[in-house]
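For reference, the structure is listed below as structure tokens.
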Amino acid sequence: MRVTMHGSGHIRPEPKRKDVDPPKRTLVSRMWRLGDIVMCEPVSRHLSKSEDVSFSTKPEYHPIVQAFHMTPPSAVRYPLEGEGTSRYQRVIDLDGVSLVHDGYVSKVDAFLSHADIDPSSLSEDERRPIIDLPRRYSVWAEDILFRRGIAGGSLVCIARQSWSDMSPRNPSRETIDEVCRVLARDHLVVVLGAMPAKMGRMADNIHNLTGSTPDVMSTAGVMANSRVLITMDTGLMHIAGAIGVPMVTVMGPTRPDDVSSFYRNNTIIHAGRDGCCPCFERGCGDPCIRSVSADMIVEVVEERISNPTSATRIVRP
């Protein structure tokens with residue numbers, strides 16, 4: 001027994017220290033797909049309440065993981081095998097969750113269930129992906145917008161990510177170009193995307209920033225300065241939803257309940273056909289999303305701008 005001498009000369013036993021077990025070390029693994037990484041955030045947030053969580057994914061997604069809400073996990077390289085995994089008491093491999101996940105309300109619920117977390121035990125807010133945008137990305141976005149003469153907070157963003165005429169998730173280029181032209185009559189328009197996209201002759205207040213942002217979190221900084229984001233089923237949709245940007249999401253072959261209806265302030269234009277949705281068939285001869293007109297998109301965007309915090313809803317063409 002240890003004792004402690006005090007100034008009075010009395011000897012008092014030092015209380016025994018209780019040994020506290022360190023938290024369980026848990027490794028969560030999901031290799032790819034930007035939207036899927038975002039939808040893993042509720043798993044990490046729930047586990048981090050009692051466990052020391054690390055997240056293994058591709059390096060380009062590390063900034064997203066490090067911006068997870070509340071207690072971001074440590075981001076580690078992918079794949080982590082052999083001796084690397086021996087440091088963890090538990091390894092949760094979320095690569096086993098496929099694109100089509102029958103039996104779950106959403107892909108978020110599928111990820112939670114795969115991590116042995118009962119989705120029904122969590123509130124709606126606890127199941128909603130949340131990302132905290134670091135200040136440095138907001139500063140970068142404000143700087144580039146200022147240098148281009150774009151007033152932050154007054155712009156409308158359009159996501160043109162992963163563009164392909166073969167994808168059943170994309171409206172035609174002509175439709176999106178028309179949306180840009182009409183919205184530019186009353187708004188500043190910024191077009192975003194990871195890869196540079198050529199656009200025809202456009203008005204001066206349409207700014208093409210595709211391929212111009214250094215990483216996805218910098219793109220998030222631009223979206224955070226916008227009044228609304230117009231998007232399809234893309235990774236940027238998930239980033240915007242997780243940081244709370246009002247959205248208009250145009251969807252065809254994807255079920256809204258799977259990936260987007262849990263985000264706040266989202267108007268979803270859903271053109272998917274009964275008996276056909278969900279569908280990821282490239283080269284479809286009659287893509288359902290092509291039934292959504294530029295006029296309808298503009299009308300819904302104006303409604304969302306007028307009521308940015310109105311509840312998420314689904315509309316049909």
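Each chain in the structure tokens gets a letter, A, B, ..., in the order shown, and its residues are numbered from 1; ligands are numbered from 1 in order too.
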Shell around His46 (chain A) at 12 Å using only C-alpha atoms, local window under 5 positions removed, as a list in words |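 The residues satisfying every condition are Cys40, Glu41, Glu51, Asp52, Val53, Phe68, His69, Met70, Thr71, Pro72, Pro73, Phe111, Leu112, Ala115, Asp116, Ile117, Asp118, Pro119, Ser121, Leu122, Ser123, Asp125, Glu126, Arg127, Arg128, Pro129 and Ile130 of chain A.
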Output file for the residues above (N, CA and C atoms, as a short mmCIF file (atom, residue, chain, number, x, y, z; two decimals), in the first residue's frame):
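Written output follows (selection-v6.cif):
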data_model
loop_
_atom_site.label_atom_id
_atom_site.label_comp_id
_atom_site.auth_asym_id
_atom_site.auth_seq_id
_atom_site.Cartn_x
_atom_site.Cartn_y
_atom_site.Cartn_z
N CYS A 40 -21.81 5.70 -44.44
CA CYS A 40 -21.24 4.94 -43.32
C CYS A 40 -21.09 5.79 -42.06
N GLU A 41 -21.27 7.11 -42.18
CA GLU A 41 -21.03 8.00 -41.03
C GLU A 41 -21.87 7.64 -39.81
N GLU A 51 -16.40 3.00 -28.40
CA GLU A 51 -15.26 2.30 -28.98
C GLU A 51 -14.31 3.28 -29.66
N ASP A 52 -13.05 2.88 -29.78
CA ASP A 52 -12.05 3.65 -30.50
C ASP A 52 -12.09 3.19 -31.96
N VAL A 53 -12.66 4.02 -32.83
CA VAL A 53 -12.96 3.60 -34.20
C VAL A 53 -11.90 4.11 -35.18
N PHE A 68 -16.28 13.38 -40.38
CA PHE A 68 -17.46 12.75 -39.78
C PHE A 68 -17.84 13.48 -38.50
N HIS A 69 -19.13 13.52 -38.22
CA HIS A 69 -19.68 14.31 -37.12
C HIS A 69 -19.28 13.75 -35.75
N MET A 70 -19.17 14.67 -34.78
CA MET A 70 -18.95 14.36 -33.37
C MET A 70 -17.53 13.86 -33.10
N THR A 71 -17.28 12.59 -33.34
CA THR A 71 -15.96 12.00 -33.05
C THR A 71 -15.46 11.31 -34.30
N PRO A 72 -14.77 12.03 -35.20
CA PRO A 72 -14.31 11.42 -36.44
C PRO A 72 -13.34 10.27 -36.15
N PRO A 73 -13.45 9.18 -36.91
CA PRO A 73 -12.52 8.07 -36.72
C PRO A 73 -11.16 8.40 -37.31
N PHE A 111 -26.03 -0.62 -43.83
CA PHE A 111 -24.70 -0.50 -43.22
C PHE A 111 -24.78 -0.71 -41.71
N LEU A 112 -25.78 -0.09 -41.07
CA LEU A 112 -25.94 -0.25 -39.62
C LEU A 112 -26.15 -1.71 -39.25
N ALA A 115 -23.18 -3.82 -39.35
CA ALA A 115 -22.29 -3.57 -38.21
C ALA A 115 -22.92 -4.01 -36.89
N ASP A 116 -23.96 -4.81 -36.97
CA ASP A 116 -24.66 -5.34 -35.79
C ASP A 116 -25.29 -4.23 -34.95
N ILE A 117 -25.77 -3.18 -35.62
CA ILE A 117 -26.49 -2.10 -34.96
C ILE A 117 -27.93 -2.14 -35.47
N ASP A 118 -28.88 -2.23 -34.57
CA ASP A 118 -30.29 -2.30 -34.97
C ASP A 118 -30.76 -0.91 -35.38
N PRO A 119 -31.07 -0.68 -36.66
CA PRO A 119 -31.51 0.66 -37.09
C PRO A 119 -32.73 1.16 -36.33
N SER A 121 -33.38 0.92 -33.33
CA SER A 121 -33.03 1.41 -32.00
C SER A 121 -32.52 2.85 -32.03
N LEU A 122 -32.34 3.40 -33.23
CA LEU A 122 -31.81 4.75 -33.39
C LEU A 122 -32.91 5.69 -33.85
N SER A 123 -32.80 6.95 -33.46
CA SER A 123 -33.76 7.96 -33.92
C SER A 123 -33.46 8.33 -35.37
N ASP A 125 -32.62 11.23 -36.52
CA ASP A 125 -31.40 12.03 -36.57
C ASP A 125 -30.16 11.17 -36.41
N GLU A 126 -30.24 10.13 -35.60
CA GLU A 126 -29.08 9.26 -35.39
C GLU A 126 -28.77 8.43 -36.63
N ARG A 127 -29.75 8.24 -37.49
CA ARG A 127 -29.53 7.47 -38.73
C ARG A 127 -29.20 8.36 -39.91
N ARG A 128 -29.26 9.67 -39.75
CA ARG A 128 -28.99 10.59 -40.85
C ARG A 128 -27.50 10.90 -40.93
N PRO A 129 -26.85 10.70 -42.09
CA PRO A 129 -25.43 11.04 -42.20
C PRO A 129 -25.19 12.53 -41.98
N ILE A 130 -24.16 12.85 -41.20
CA ILE A 130 -23.81 14.25 -40.90
C ILE A 130 -22.31 14.43 -41.06
#
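Within region 141-229 of chain A, DSSP applied to the backbone places the following residues in alpha helix (DSSP H): A:Ala141, A:Glu142, A:Asp143, A:Ile144, A:Leu145, A:Phe146, A:Arg147, A:Arg173, A:Glu174, A:Thr175, A:Ile176, A:Asp177, A:Glu178, A:Val179, A:Cys180, A:Arg181, A:Val182, A:Leu183, A:Val216, A:Met217, A:Ser218, A:Thr219, A:Ala220, A:Gly221, A:Val222, A:Met223, A:Ala224.
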CA of Val108 (chain A) to CA of Glu302 (chain A): how many Å, to one decimal?
->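 The value is 29.5 Å.
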As number ranges by chain, list the residues of region 130-194 of chain A assigned to strand (DSSP E) by DSSP on the backbone atoms of this structure.
-> A: 155-159, 188-192
Atoms kept (C-alpha atoms) for selection, written as a CSV table (one decimal), in the first residue's frame:
chain,number,residue,atom,x,y,z
A,155,LEU,CA,-25.6,31.2,-56.2
A,156,VAL,CA,-27.3,28.0,-57.4
A,157,CYS,CA,-25.0,25.0,-57.9
A,158,ILE,CA,-25.5,22.2,-60.4
A,159,ALA,CA,-23.6,18.9,-59.9
A,188,LEU,CA,-25.7,33.1,-60.4
A,189,VAL,CA,-25.1,29.6,-61.5
A,190,VAL,CA,-22.0,27.4,-60.7
A,191,VAL,CA,-21.5,24.0,-62.3
A,192,LEU,CA,-19.5,21.5,-60.3
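Between CA of Gly235 (chain A) and CA of Gly285 (chain A) there is a distance of 24.9 Å.
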Write out as a PyMOL selection string each polymer residue whose atoms come within 10 Å of Val105 (chain A), counting only C-alpha atoms; drop sequence neighbours fewer than 5 positions from it.
-> chain A and resi 110+119+257-259
Using N, CA and C atoms, can you write the selected residues to a file as a PDB file, in the first residue's frame?
ATOM      1  N   ALA A 110     -28.828  -0.566 -44.026  1.00  0.00           N
ATOM      2  CA  ALA A 110     -28.103  -1.781 -44.389  1.00  0.00           C
ATOM      3  C   ALA A 110     -26.700  -1.770 -43.788  1.00  0.00           C
ATOM      4  N   PRO A 119     -31.070  -0.678 -36.657  1.00  0.00           N
ATOM      5  CA  PRO A 119     -31.508   0.660 -37.088  1.00  0.00           C
ATOM      6  C   PRO A 119     -32.732   1.155 -36.326  1.00  0.00           C
ATOM      7  N   ASP A 257     -35.920   6.271 -51.257  1.00  0.00           N
ATOM      8  CA  ASP A 257     -35.788   5.791 -49.883  1.00  0.00           C
ATOM      9  C   ASP A 257     -34.443   5.123 -49.629  1.00  0.00           C
ATOM     10  N   ASP A 258     -33.804   4.647 -50.694  1.00  0.00           N
ATOM     11  CA  ASP A 258     -32.522   3.965 -50.524  1.00  0.00           C
ATOM     12  C   ASP A 258     -31.409   4.930 -50.128  1.00  0.00           C
ATOM     13  N   VAL A 259     -31.376   6.098 -50.770  1.00  0.00           N
ATOM     14  CA  VAL A 259     -30.154   6.901 -50.677  1.00  0.00           C
ATOM     15  C   VAL A 259     -30.337   8.386 -50.410  1.00  0.00           C
TER      16      VAL A 259
END
Counting only C-alpha atoms, what is within 10 Å of region 193-197 of chain A, bar same-chain residues fewer than 4 positions away, as JSON, numbers by chain?
-> {"A": [158, 159, 160, 161, 162, 163, 208, 209, 210, 211, 212, 213, 214, 215, 216, 219, 234, 235, 236]}
Counting only C-alpha atoms, the residue of A:Ala242, A:Val298, A:Val315, A:Ile92 that sits nearest Met39 (chain A) |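 Smallest separation from Met39 (chain A) among the options: A:Ala242.
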Distance CA of Asp36 (chain A)-CA of Ser261 (chain A), one decimal place?
->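 CA of Ser261 (chain A) lies 14.8 Å from CA of Asp36 (chain A).
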Counting only C-alpha atoms, which residues in region 195-258 of chain A sit no more than 12 Å from region 167-184 of chain A? For each one, give the nearest pair of atoms and the distance in Å, sorted by chain then residue number, as CSV.
residue,atom,partner,partner_atom,distance
A:Ala197,CA,A:Arg173,CA,10.4
A:Lys198,CA,A:Arg173,CA,10.3
A:Met199,CA,A:Asp177,CA,7.6
A:Gly200,CA,A:Asp177,CA,8.0
A:Arg201,CA,A:Asp177,CA,9.7
A:Met202,CA,A:Arg181,CA,7.0
A:Ala203,CA,A:Ala184,CA,7.2
A:Asp204,CA,A:Ala184,CA,8.7
A:Asn205,CA,A:Ala184,CA,6.3
A:Ile206,CA,A:Ala184,CA,6.5
A:His207,CA,A:Cys180,CA,9.9
A:Asn208,CA,A:Cys180,CA,10.5
A:Val228,CA,A:Leu183,CA,11.7
A:Ile230,CA,A:Ile176,CA,9.6
A:Thr231,CA,A:Asn170,CA,9.3
A:Met232,CA,A:Asn170,CA,6.5
A:Asp233,CA,A:Arg169,CA,6.5
A:Thr234,CA,A:Arg169,CA,8.7
A:Thr249,CA,A:Arg169,CA,10.9
A:Val250,CA,A:Pro171,CA,8.2
A:Met251,CA,A:Arg169,CA,6.5
A:Gly252,CA,A:Arg169,CA,6.0
A:Pro253,CA,A:Arg169,CA,6.4
A:Thr254,CA,A:Arg169,CA,7.6
A:Arg255,CA,A:Arg169,CA,11.2
Keeping only N, CA and C atoms, write those residues as a CSV table (one decimal), in the first residue's frame.
chain,number,residue,atom,x,y,z
A,197,ALA,N,-16.0,19.4,-67.7
A,197,ALA,CA,-17.1,19.2,-68.6
A,197,ALA,C,-17.2,20.4,-69.5
A,198,LYS,N,-17.2,20.2,-70.8
A,198,LYS,CA,-17.4,21.3,-71.8
A,198,LYS,C,-18.9,21.7,-71.8
A,199,MET,N,-19.1,23.0,-71.9
A,199,MET,CA,-20.4,23.5,-72.0
A,199,MET,C,-20.5,24.4,-73.2
A,200,GLY,N,-21.6,24.5,-73.8
A,200,GLY,CA,-21.8,25.5,-75.0
A,200,GLY,C,-21.7,26.9,-74.5
A,201,ARG,N,-21.9,27.8,-75.4
A,201,ARG,CA,-21.8,29.2,-75.1
A,201,ARG,C,-22.9,29.6,-74.0
A,202,MET,N,-22.5,30.1,-72.9
A,202,MET,CA,-23.3,30.4,-71.8
A,202,MET,C,-23.2,31.8,-71.4
A,203,ALA,N,-24.2,32.3,-70.6
A,203,ALA,CA,-24.3,33.7,-70.1
A,203,ALA,C,-23.1,33.9,-69.2
A,204,ASP,N,-22.8,35.2,-68.9
A,204,ASP,CA,-21.6,35.5,-68.1
A,204,ASP,C,-21.8,35.1,-66.7
A,205,ASN,N,-23.0,35.0,-66.2
A,205,ASN,CA,-23.2,34.6,-64.8
A,205,ASN,C,-23.4,33.1,-64.6
A,206,ILE,N,-23.0,32.3,-65.6
A,206,ILE,CA,-22.9,30.8,-65.5
A,206,ILE,C,-21.4,30.5,-65.4
A,207,HIS,N,-20.9,29.9,-64.3
A,207,HIS,CA,-19.5,29.7,-64.0
A,207,HIS,C,-19.3,28.2,-64.0
A,208,ASN,N,-18.4,27.7,-64.9
A,208,ASN,CA,-18.1,26.3,-65.0
A,208,ASN,C,-16.9,26.0,-64.2
A,228,VAL,N,-29.0,26.5,-53.2
A,228,VAL,CA,-29.6,25.2,-53.5
A,228,VAL,C,-28.6,24.5,-54.4
A,230,ILE,N,-28.6,21.5,-57.4
A,230,ILE,CA,-29.3,20.7,-58.3
A,230,ILE,C,-28.4,19.5,-58.6
A,231,THR,N,-28.9,18.3,-58.4
A,231,THR,CA,-28.1,17.1,-58.5
A,231,THR,C,-28.8,15.9,-58.9
A,232,MET,N,-28.1,14.9,-59.4
A,232,MET,CA,-28.7,13.6,-59.7
A,232,MET,C,-28.2,12.7,-58.5
A,233,ASP,N,-28.3,11.4,-58.7
A,233,ASP,CA,-27.8,10.4,-57.7
A,233,ASP,C,-26.3,10.4,-57.8
A,234,THR,N,-25.6,11.3,-57.2
A,234,THR,CA,-24.2,11.4,-57.3
A,234,THR,C,-23.6,11.5,-55.9
A,249,THR,N,-33.1,17.0,-56.1
A,249,THR,CA,-32.4,15.8,-56.6
A,249,THR,C,-33.3,15.1,-57.7
A,250,VAL,N,-32.7,15.0,-58.9
A,250,VAL,CA,-33.4,14.4,-60.0
A,250,VAL,C,-33.0,12.9,-60.1
A,251,MET,N,-34.0,12.0,-59.9
A,251,MET,CA,-33.7,10.6,-59.8
A,251,MET,C,-34.6,9.8,-60.8
A,252,GLY,N,-34.0,8.8,-61.4
A,252,GLY,CA,-34.8,7.9,-62.3
A,252,GLY,C,-34.7,6.5,-61.8
A,253,PRO,N,-33.6,5.7,-62.0
A,253,PRO,CA,-33.6,4.3,-61.7
A,253,PRO,C,-33.3,4.0,-60.2
A,254,THR,N,-33.0,5.1,-59.4
A,254,THR,CA,-32.7,4.9,-58.0
A,254,THR,C,-33.9,5.1,-57.1
A,255,ARG,N,-34.1,4.3,-56.1
A,255,ARG,CA,-35.2,4.5,-55.2
A,255,ARG,C,-34.8,5.6,-54.2
Counting only C-alpha atoms, which of A:Met247, A:Cys277, A:Ala141, A:Met31 gets nearest to Ile297 (chain A)?
->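 Once distances to Ile297 (chain A) are computed over only C-alpha atoms, the minimum belongs to A:Met247.
Restricting the calculation to only C-alpha atoms, the smallest distance between Ser113 (chain A) and any of A:Arg77, A:Ile144, A:Gly84, A:Val43 is found for A:Val43.
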